[in-house]
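Content type PDB, C-alpha atoms, pLDDT in the B column, from the file my_file_8.pdb:
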```
ATOM      1  CA  GLU A  20     106.610 107.369  92.327  1.00 76.00           C
ATOM      2  CA  GLY A  21     106.661 103.645  91.554  1.00 81.00           C
ATOM      3  CA  SER A  22     103.052 103.500  90.412  1.00 84.00           C
ATOM      4  CA  PHE A  23     103.720 106.408  88.049  1.00 90.00           C
ATOM      5  CA  ARG A  24     106.614 104.479  86.513  1.00 89.00           C
ATOM      6  CA  MET A  25     104.258 101.582  85.856  1.00 91.00           C
ATOM      7  CA  ALA A  26     101.815 103.950  84.129  1.00 90.00           C
ATOM      8  CA  GLU A  27     104.654 105.392  82.062  1.00 89.00           C
ATOM      9  CA  LYS A  28     105.848 101.964  80.929  1.00 91.00           C
ATOM     10  CA  ALA A  29     102.287 100.900  80.115  1.00 93.00           C
ATOM     11  CA  ARG A  30     101.662 104.242  78.359  1.00 92.00           C
ATOM     12  CA  CYS A  31      98.441 104.786  80.329  1.00 94.00           C
ATOM     13  CA  PRO A  32      97.154 108.177  81.358  1.00 96.00           C
ATOM     14  CA  ILE A  33      97.018 109.041  85.053  1.00 96.00           C
ATOM     15  CA  ILE A  34      93.590 110.068  86.352  1.00 97.00           C
ATOM     16  CA  PRO A  35      93.844 112.309  89.428  1.00 97.00           C
ATOM     17  CA  VAL A  36      91.023 111.829  91.966  1.00 98.00           C
ATOM     18  CA  SER A  37      90.023 114.161  94.802  1.00 97.00           C
ATOM     19  CA  ILE A  38      87.682 113.110  97.635  1.00 96.00           C
ATOM     20  CA  ASN A  39      86.311 115.776  99.976  1.00 95.00           C
ATOM     21  CA  ASN A  40      84.506 115.343 103.318  1.00 91.00           C
ATOM     22  CA  SER A  41      84.743 111.552 103.516  1.00 90.00           C
ATOM     23  CA  ARG A  42      85.755 111.855 107.162  1.00 88.00           C
ATOM     24  CA  GLY A  43      82.221 113.089 107.862  1.00 86.00           C
ATOM     25  CA  ILE A  44      80.948 109.529 107.387  1.00 88.00           C
ATOM     26  CA  TRP A  45      82.944 107.808 110.181  1.00 84.00           C
ATOM     27  CA  GLU A  46      85.845 109.685 111.719  1.00 82.00           C
ATOM     28  CA  ASP A  47      83.982 112.671 113.142  1.00 77.00           C
ATOM     29  CA  HIS A  48      81.636 110.515 115.251  1.00 80.00           C
ATOM     30  CA  MET A  49      82.953 106.976 115.655  1.00 83.00           C
ATOM     31  CA  PRO A  50      81.551 104.321 116.028  1.00 86.00           C
ATOM     32  CA  PHE A  51      78.428 105.579 114.292  1.00 85.00           C
ATOM     33  CA  MET A  52      78.008 106.124 110.580  1.00 88.00           C
ATOM     34  CA  LYS A  53      76.416 109.395 109.524  1.00 87.00           C
ATOM     35  CA  LYS A  54      74.885 110.544 106.271  1.00 89.00           C
ATOM     36  CA  THR A  55      76.939 113.395 104.812  1.00 89.00           C
ATOM     37  CA  HIS A  56      77.764 115.183 101.578  1.00 91.00           C
ATOM     38  CA  VAL A  57      80.926 113.780  99.921  1.00 94.00           C
ATOM     39  CA  ILE A  58      82.440 115.177  96.723  1.00 96.00           C
ATOM     40  CA  ILE A  59      84.458 112.883  94.440  1.00 97.00           C
ATOM     41  CA  GLU A  60      86.050 114.544  91.426  1.00 97.00           C
ATOM     42  CA  PHE A  61      87.889 112.761  88.642  1.00 98.00           C
ATOM     43  CA  GLY A  62      90.354 115.126  87.006  1.00 97.00           C
ATOM     44  CA  LYS A  63      91.397 115.347  83.391  1.00 97.00           C
ATOM     45  CA  PRO A  64      93.672 112.485  82.288  1.00 97.00           C
ATOM     46  CA  ILE A  65      97.361 113.306  82.466  1.00 96.00           C
ATOM     47  CA  HIS A  66      99.070 111.936  79.369  1.00 95.00           C
ATOM     48  CA  LEU A  67     102.737 111.526  80.185  1.00 93.00           C
ATOM     49  CA  ASP A  68     103.914 111.966  76.612  1.00 92.00           C
ATOM     50  CA  THR A  69     102.509 115.519  76.568  1.00 94.00           C
ATOM     51  CA  LEU A  70     104.327 116.650  79.739  1.00 93.00           C
ATOM     52  CA  SER A  71     107.614 118.499  79.714  1.00 94.00           C
ATOM     53  CA  LYS A  72     110.771 116.655  80.735  1.00 92.00           C
ATOM     54  CA  GLU A  73     110.851 118.623  83.998  1.00 93.00           C
ATOM     55  CA  ASP A  74     107.247 117.689  84.886  1.00 92.00           C
ATOM     56  CA  ARG A  75     107.929 114.019  84.089  1.00 91.00           C
ATOM     57  CA  LYS A  76     111.000 114.121  86.333  1.00 91.00           C
ATOM     58  CA  PHE A  77     108.861 115.268  89.285  1.00 93.00           C
ATOM     59  CA  LEU A  78     105.666 113.480  88.303  1.00 94.00           C
ATOM     60  CA  GLY A  79     104.577 112.780  91.889  1.00 94.00           C
ATOM     61  CA  ALA A  80     104.684 116.480  92.751  1.00 95.00           C
ATOM     62  CA  TYR A  81     102.889 117.371  89.499  1.00 96.00           C
ATOM     63  CA  VAL A  82     100.012 114.950  90.151  1.00 96.00           C
ATOM     64  CA  SER A  83      99.863 115.894  93.835  1.00 96.00           C
ATOM     65  CA  ALA A  84      99.549 119.583  92.931  1.00 97.00           C
ATOM     66  CA  GLU A  85      96.670 118.792  90.556  1.00 97.00           C
ATOM     67  CA  ILE A  86      94.852 116.782  93.250  1.00 97.00           C
ATOM     68  CA  LYS A  87      95.409 119.579  95.794  1.00 97.00           C
ATOM     69  CA  ARG A  88      94.004 122.118  93.336  1.00 97.00           C
ATOM     70  CA  MET A  89      90.846 120.012  92.888  1.00 97.00           C
ATOM     71  CA  TYR A  90      90.575 119.402  96.656  1.00 97.00           C
ATOM     72  CA  ASP A  91      90.874 123.095  97.509  1.00 96.00           C
ATOM     73  CA  HIS A  92      88.293 124.036  94.885  1.00 96.00           C
ATOM     74  CA  ASN A  93      85.794 121.438  96.139  1.00 95.00           C
ATOM     75  CA  LYS A  94      86.354 122.381  99.794  1.00 92.00           C
ATOM     76  CA  THR A  95      84.439 125.598  99.136  1.00 89.00           C
ATOM     77  CA  LEU A  96      81.393 123.600  97.975  1.00 88.00           C
ATOM     78  CA  ILE A  97      80.837 121.773 101.281  1.00 75.00           C
TER      79      ILE A  97
END
```
Encoding of this model in structure tokens:
Amino acid sequence: EGSFRMAEKARCPIIPVSINNSRGIWEDHMPFMKKTHVIIEFGKPIHLDTLSKEDRKFLGAYVSAEIKRMYDHNKTLI
């Protein structure tokens, strides 16, 4: 929540980012690195001044839900 407060004070948009299948590089077969397909998606900027008061109050949950939506969509592509 603290980083979102900094973005709000600076009046910067928040860019949600989803990364799928990154564990396929290292974690699935340590200590060796493996070539794999990774999907990185940058979501639409979230401008805080356009959000409702309720969404701004629970900004962490709002951004998390957007990232989860992108993650779930991209999971089907791997």
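Minimum atom-to-atom distances from A:Asp91, A:Glu85, A:Asp68, A:Glu73 to Cys31 in chain A were compared using all atoms listed in the file, and the lowest value belongs to A:Asp68.
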Between CA of Ser41 in chain A and CA of Val57 in chain A, measure the distance and give it in Å to one decimal.
-> 5.7 Å
Given the file above and the PyMOL selection byres ((chain A and resi 59-62) around 10), which residues are selected, and can you give them as a PyMOL selection string?
-> chain A and resi 33-41+57-58+63-65+85-86+89-90+93
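For the atom pair formed by CA of Lys87 in chain A and CA of Phe23 in chain A, the distance is 17.4 Å, given to one decimal.
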One decimal place gives the CA of Lys72 in chain A-CA of Pro32 in chain A separation as 16.1 Å
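Near (106.9, 105.8, 81.7), the residues that fall inside 12 Å on the basis of all atoms listed in the file are Glu20, Gly21, Ser22, Phe23, Arg24, Met25, Ala26, Glu27, Lys28, Ala29, Arg30, Cys31, Pro32, Ile33, His66, Leu67, Asp68, Thr69, Leu70, Lys72, Arg75, Lys76 and Leu78 of chain A.
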Give me the box for range 64-67 of chain A as JSON, namely the centre and edge lengths in Å to one decimal of a box along x, y and z that holds every listed atom plus 6 Å on each side.
```
{"center_x": 98.2, "center_y": 112.4, "center_z": 80.9, "size_x": 21.1, "size_y": 13.8, "size_z": 15.1}
```
